[in-house]
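Chemist: Enclosed is the structure file coords.cif (mmCIF, C-alpha atoms).
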```
data_data
#
loop_
_atom_site.group_PDB
_atom_site.id
_atom_site.type_symbol
_atom_site.label_atom_id
_atom_site.label_comp_id
_atom_site.auth_asym_id
_atom_site.auth_seq_id
_atom_site.Cartn_x
_atom_site.Cartn_y
_atom_site.Cartn_z
ATOM 1 C CA GLU I 21 13.197 64.757 -12.355
ATOM 2 C CA ILE I 22 15.636 67.621 -12.231
ATOM 3 C CA THR I 23 19.200 66.745 -11.395
ATOM 4 C CA ALA I 24 21.583 69.319 -10.029
ATOM 5 C CA PHE I 25 25.263 69.089 -10.799
ATOM 6 C CA PHE I 26 27.541 70.910 -8.388
ATOM 7 C CA LEU I 27 30.956 71.577 -9.815
ATOM 8 C CA LEU I 28 33.137 72.831 -7.023
ATOM 9 C CA ALA I 29 36.329 73.927 -8.683
ATOM 10 C CA VAL I 30 39.435 73.574 -6.574
ATOM 11 C CA ALA I 31 42.313 75.740 -7.650
ATOM 12 C CA HIS I 32 44.937 77.899 -6.048
ATOM 13 C CA SER I 33 44.242 79.822 -2.883
ATOM 14 C CA TYR I 34 45.031 83.477 -2.925
ATOM 15 C CA SER I 35 47.667 84.666 -0.499
ATOM 16 C CA THR I 36 49.318 87.980 0.130
ATOM 17 C CA LEU I 37 52.170 89.299 2.223
ATOM 18 C CA ALA I 38 50.920 87.304 5.191
ATOM 19 C CA GLN I 39 51.527 83.821 3.808
ATOM 20 C CA ARG I 40 49.601 82.162 6.624
ATOM 21 C CA ASP I 41 46.407 83.994 5.705
ATOM 22 C CA ASN I 42 44.407 82.191 3.037
ATOM 23 C CA VAL I 43 41.099 80.580 2.212
ATOM 24 C CA LEU I 44 40.383 77.328 0.411
ATOM 25 C CA GLN I 45 37.227 75.770 -0.990
ATOM 26 C CA PRO I 46 38.414 72.149 -0.967
ATOM 27 C CA LYS I 47 35.498 70.041 -2.155
ATOM 28 C CA GLY I 48 35.308 68.200 -5.459
ATOM 29 C CA ASP I 49 32.254 67.544 -7.612
ATOM 30 C CA VAL I 50 28.904 67.054 -5.882
ATOM 31 C CA THR I 51 25.642 65.887 -7.458
ATOM 32 C CA ALA I 52 22.253 66.704 -5.951
ATOM 33 C CA THR I 53 18.616 67.076 -6.930
ATOM 34 C CA GLU I 54 16.379 70.135 -6.857
ATOM 35 C CA GLY I 55 14.766 70.359 -3.451
ATOM 36 C CA GLU I 56 17.726 68.783 -1.682
ATOM 37 C CA GLU I 57 20.343 70.421 0.523
ATOM 38 C CA VAL I 58 24.011 71.052 -0.272
ATOM 39 C CA THR I 59 26.959 72.337 1.736
ATOM 40 C CA LEU I 60 29.805 74.295 0.123
ATOM 41 C CA ASP I 61 32.986 74.129 2.173
ATOM 42 C CA CYS I 62 35.317 77.004 2.983
ATOM 43 C CA GLN I 63 38.376 76.641 5.186
ATOM 44 C CA TYR I 64 40.665 79.444 6.262
ATOM 45 C CA ASN I 65 44.055 80.063 7.834
ATOM 46 C CA SER I 66 44.770 83.363 9.487
ATOM 47 C CA SER I 67 47.321 84.956 11.785
ATOM 48 C CA SER I 68 44.511 87.072 13.254
ATOM 49 C CA THR I 69 42.441 85.946 16.231
ATOM 50 C CA THR I 70 39.276 87.589 14.895
ATOM 51 C CA ASN I 71 38.285 86.994 11.301
ATOM 52 C CA TYR I 72 35.392 88.015 9.110
ATOM 53 C CA ILE I 73 34.325 85.439 6.526
ATOM 54 C CA PHE I 74 32.086 86.509 3.649
ATOM 55 C CA TRP I 75 30.096 84.428 1.159
ATOM 56 C CA TYR I 76 29.102 85.817 -2.251
ATOM 57 C CA LYS I 77 27.020 84.503 -5.143
ATOM 58 C CA GLN I 78 27.740 85.464 -8.747
ATOM 59 C CA ASP I 79 25.175 84.801 -11.491
ATOM 60 C CA GLY I 80 26.498 84.829 -15.046
ATOM 61 C CA ASN I 81 28.225 88.109 -15.867
ATOM 62 C CA ASN I 82 26.673 89.995 -12.958
ATOM 63 C CA SER I 83 28.691 91.355 -10.056
ATOM 64 C CA PRO I 84 29.053 89.110 -6.995
ATOM 65 C CA LYS I 85 26.141 89.476 -4.587
ATOM 66 C CA PHE I 86 26.632 89.453 -0.817
ATOM 67 C CA ILE I 87 25.059 86.430 0.894
ATOM 68 C CA LEU I 88 26.342 86.563 4.452
ATOM 69 C CA MET I 89 29.181 87.399 6.836
ATOM 70 C CA ARG I 90 30.304 85.467 9.905
ATOM 71 C CA TYR I 91 32.847 86.433 12.572
ATOM 72 C CA LYS I 92 31.993 84.116 15.477
ATOM 73 C CA GLY I 93 29.738 81.077 15.359
ATOM 74 C CA ASP I 94 26.543 82.144 13.631
ATOM 75 C CA GLU I 95 27.068 85.787 14.585
ATOM 76 C CA GLY I 96 27.209 88.218 11.697
ATOM 77 C CA ASN I 97 24.609 89.179 9.135
ATOM 78 C CA ILE I 98 22.833 87.753 6.124
ATOM 79 C CA ALA I 99 21.149 89.462 3.191
ATOM 80 C CA ASP I 100 17.347 89.348 3.396
ATOM 81 C CA GLU I 101 16.881 87.456 0.138
ATOM 82 C CA PHE I 102 19.019 84.556 1.426
ATOM 83 C CA LYS I 103 17.682 84.270 4.986
ATOM 84 C CA LYS I 104 15.202 81.460 4.368
ATOM 85 C CA ARG I 105 17.428 78.868 2.696
ATOM 86 C CA PHE I 106 21.089 79.873 3.226
ATOM 87 C CA SER I 107 23.015 79.505 6.482
ATOM 88 C CA SER I 108 26.552 79.264 7.794
ATOM 89 C CA THR I 109 28.408 78.894 11.097
ATOM 90 C CA LEU I 110 32.040 79.820 11.689
ATOM 91 C CA ASP I 111 33.905 77.046 13.500
ATOM 92 C CA SER I 112 37.118 78.586 14.816
ATOM 93 C CA THR I 113 38.473 75.187 15.934
ATOM 94 C CA SER I 114 38.329 73.569 12.487
ATOM 95 C CA ARG I 115 38.700 76.984 10.810
ATOM 96 C CA SER I 116 35.786 76.321 8.512
ATOM 97 C CA VAL I 117 32.743 78.323 7.437
ATOM 98 C CA PRO I 118 30.571 76.015 5.301
ATOM 99 C CA LEU I 119 27.650 77.490 3.388
ATOM 100 C CA LYS I 120 24.478 75.392 3.596
ATOM 101 C CA ILE I 121 21.790 75.844 0.935
ATOM 102 C CA GLN I 122 18.443 74.167 1.594
ATOM 103 C CA LYS I 123 15.635 73.296 -0.810
ATOM 104 C CA LEU I 124 17.783 73.785 -3.914
ATOM 105 C CA GLN I 125 16.287 75.718 -6.806
ATOM 106 C CA LEU I 126 17.488 76.104 -10.379
ATOM 107 C CA SER I 127 18.096 79.766 -9.605
ATOM 108 C CA ASP I 128 20.837 78.657 -7.194
ATOM 109 C CA SER I 129 23.038 77.901 -10.212
ATOM 110 C CA ALA I 130 25.932 80.307 -9.762
ATOM 111 C CA VAL I 131 29.547 80.750 -8.764
ATOM 112 C CA TYR I 132 30.000 80.966 -4.997
ATOM 113 C CA TYR I 133 32.956 82.692 -3.343
ATOM 114 C CA CYS I 134 34.113 82.763 0.243
ATOM 115 C CA ALA I 135 36.462 85.529 1.349
ATOM 116 C CA LEU I 136 38.504 86.215 4.471
ATOM 117 C CA HIS I 137 39.035 89.617 6.041
ATOM 118 C CA PRO I 138 41.278 89.513 9.127
ATOM 119 C CA THR I 139 40.652 92.524 11.344
ATOM 120 C CA LEU I 140 44.350 93.394 11.491
ATOM 121 C CA PHE I 141 44.624 93.808 7.729
ATOM 122 C CA THR I 142 42.889 95.856 5.060
ATOM 123 C CA TYR I 143 42.803 93.301 2.253
ATOM 124 C CA PHE I 144 40.464 90.522 1.238
ATOM 125 C CA LEU I 145 41.684 87.040 0.423
ATOM 126 C CA VAL I 146 39.536 85.419 -2.238
ATOM 127 C CA PRO I 147 40.079 81.779 -3.228
ATOM 128 C CA SER I 148 39.009 79.860 -6.243
ATOM 129 C CA SER I 149 35.264 79.790 -6.617
ATOM 130 C CA SER I 150 32.699 77.078 -6.098
ATOM 131 C CA GLU I 151 30.558 76.792 -9.198
ATOM 132 C CA LEU I 152 27.068 75.551 -8.477
ATOM 133 C CA GLN I 153 25.309 74.450 -11.654
ATOM 134 C CA LEU I 154 21.840 72.952 -11.759
ATOM 135 C CA GLU I 155 20.583 71.362 -14.941
ATOM 136 C CA ASP I 156 17.318 69.824 -16.027
ATOM 137 C CA GLY I 157 17.906 66.053 -16.133
ATOM 138 C CA CYS I 158 15.216 65.633 -18.835
ATOM 139 C CA ASN I 159 17.409 67.163 -21.581
#
```
Let me see whether you can do it: turn the structure in this file into structure tokens.
Modeler:
Amino acid sequence: EITAFFLLAVAHSYSTLAQRDNVLQPKGDVTATEGEEVTLDCQYNSSSTTNYIFWYKQDGNNSPKFILMRYKGDEGNIADEFKKRFSSTLDSTSRSVPLKIQKLQLSDSAVYYCALHPTLFTYFLVPSSSELQLEDGCN
């Protein structure tokens, strides 16, 4: 059996001149098993009425890799390599854009970032990351 340990680090949200604009990945530690499903939370606050939320995956020392972007419901785009198992829906009422990963694989071990880009501004707000670590439970 392979057990997956999901360490979702909660630290400080980034904010800029617009103090109301920020993103937060609020969840604590989560444990799951390969083949299961996990949801990584991302909540945002913004003074803009239209927002673009991005999810990125970073493996080791590599640059972050674009997963998907949402701006209304499930409207937006998603990178081809993530289309089968990754999904997200922007809920403007709860101001959340959770990332759902299905059929977990060891290769999903990575640091996951969500970022906010309000249309009225030219900056990105990047919070603390969500570190997703899967380990072989046999060791």
Chemist: Smallest atom-to-atom distance to Leu88 (chain I): which of I:Thr69, I:Leu124, I:Asp61, I:Val117, using only C-alpha atoms?
Modeler: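 That would be I:Val117, the residue with the smallest distance to Leu88 (chain I).
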Chemist: Excluding Arg40 (chain I) and any residue of its chain fewer than 6 positions from it, enumerate the residues within 8 Å of it, using only C-alpha atoms, and give them as a PyMOL selection string.
Modeler: chain I and resi 65-67
Chemist: Once the PyMOL selection byres ((chain I and resi 95) around 12) has been evaluated on this model, what residues remain selected, and can you format them as a ChimeraX atom specification?
Modeler: /I:71-73,88-94,96-98,107-111,117
Chemist: Provide the CA of Lys123 (chain I) to CA of Glu54 (chain I) distance in Å, to one decimal place.
Modeler: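 These atoms are spaced 6.9 Å apart.
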Chemist: Which value, in Å to one decimal, gives the distance between CA of Ile87 (chain I) and CA of Tyr133 (chain I)?
Modeler: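 Rounded to one decimal, the two atoms are 9.7 Å apart.
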Chemist: If you measure from CA of Thr70 (chain I) to CA of Arg115 (chain I), what distance in Å do you get, rounded to one decimal?
Modeler: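 Going from CA of Thr70 (chain I) over to CA of Arg115 (chain I), I get 11.4 Å.
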Chemist: So that I can check the surroundings of Phe106 (chain I), please list as a PDB file with C-alpha atoms, in the coordinates of the input every protein, DNA and RNA residue that reaches within 6 Å of it, counting only C-alpha atoms and ignoring chain neighbours fewer than 2 positions away.
Modeler:
```pdb
ATOM      1  CA  PHE I 102      19.019  84.556   1.426  1.00  0.00           C
ATOM      2  CA  LYS I 103      17.682  84.270   4.986  1.00  0.00           C
ATOM      3  CA  LYS I 120      24.478  75.392   3.596  1.00  0.00           C
ATOM      4  CA  ILE I 121      21.790  75.844   0.935  1.00  0.00           C
TER       5      ILE I 121
END
```
Chemist: Taking all atoms listed in the file into account, which of I:Thr113, I:Asp100, I:Asn82, I:Leu119 comes nearest Thr59 (chain I)?
Modeler: I:Leu119
Chemist: Give me, as a ChimeraX atom specification, all polymer residues having an atom no more than 12 Å from Pro84 (chain I), counting all atoms listed in the file and skipping those fewer than 2 positions away in the same chain.
Modeler: /I:74-82,86-87,130-135,149
Chemist: Write the residues you've just listed into a file as a PDB file, keeping the file's coordinate frame, and include C-alpha atoms for each of them.
Modeler:
```
ATOM      1  CA  PHE I  74      32.086  86.509   3.649  1.00  0.00           C
ATOM      2  CA  TRP I  75      30.096  84.428   1.159  1.00  0.00           C
ATOM      3  CA  TYR I  76      29.102  85.817  -2.251  1.00  0.00           C
ATOM      4  CA  LYS I  77      27.020  84.503  -5.143  1.00  0.00           C
ATOM      5  CA  GLN I  78      27.740  85.464  -8.747  1.00  0.00           C
ATOM      6  CA  ASP I  79      25.175  84.801 -11.491  1.00  0.00           C
ATOM      7  CA  GLY I  80      26.498  84.829 -15.046  1.00  0.00           C
ATOM      8  CA  ASN I  81      28.225  88.109 -15.867  1.00  0.00           C
ATOM      9  CA  ASN I  82      26.673  89.995 -12.958  1.00  0.00           C
ATOM     10  CA  PHE I  86      26.632  89.453  -0.817  1.00  0.00           C
ATOM     11  CA  ILE I  87      25.059  86.430   0.894  1.00  0.00           C
ATOM     12  CA  ALA I 130      25.932  80.307  -9.762  1.00  0.00           C
ATOM     13  CA  VAL I 131      29.547  80.750  -8.764  1.00  0.00           C
ATOM     14  CA  TYR I 132      30.000  80.966  -4.997  1.00  0.00           C
ATOM     15  CA  TYR I 133      32.956  82.692  -3.343  1.00  0.00           C
ATOM     16  CA  CYS I 134      34.113  82.763   0.243  1.00  0.00           C
ATOM     17  CA  ALA I 135      36.462  85.529   1.349  1.00  0.00           C
ATOM     18  CA  SER I 149      35.264  79.790  -6.617  1.00  0.00           C
TER      19      SER I 149
END
```
Chemist: Padding 4 Å on every side, please: axis-aligned box over the listed atoms of region 106-123 of chain I, centre and edge lengths to one decimal in Å, as JSON.
Modeler:
```
{"center_x": 27.2, "center_y": 76.6, "center_z": 7.6, "size_x": 31.1, "size_y": 14.6, "size_z": 24.7}
```
Chemist: Which residue out of I:Glu101, I:Gln125, I:His137, I:Asn42 has the minimum interatomic distance to Tyr64 (chain I) when all atoms listed in the file are used?
Modeler: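 Nearest to Tyr64 (chain I): I:Asn42.
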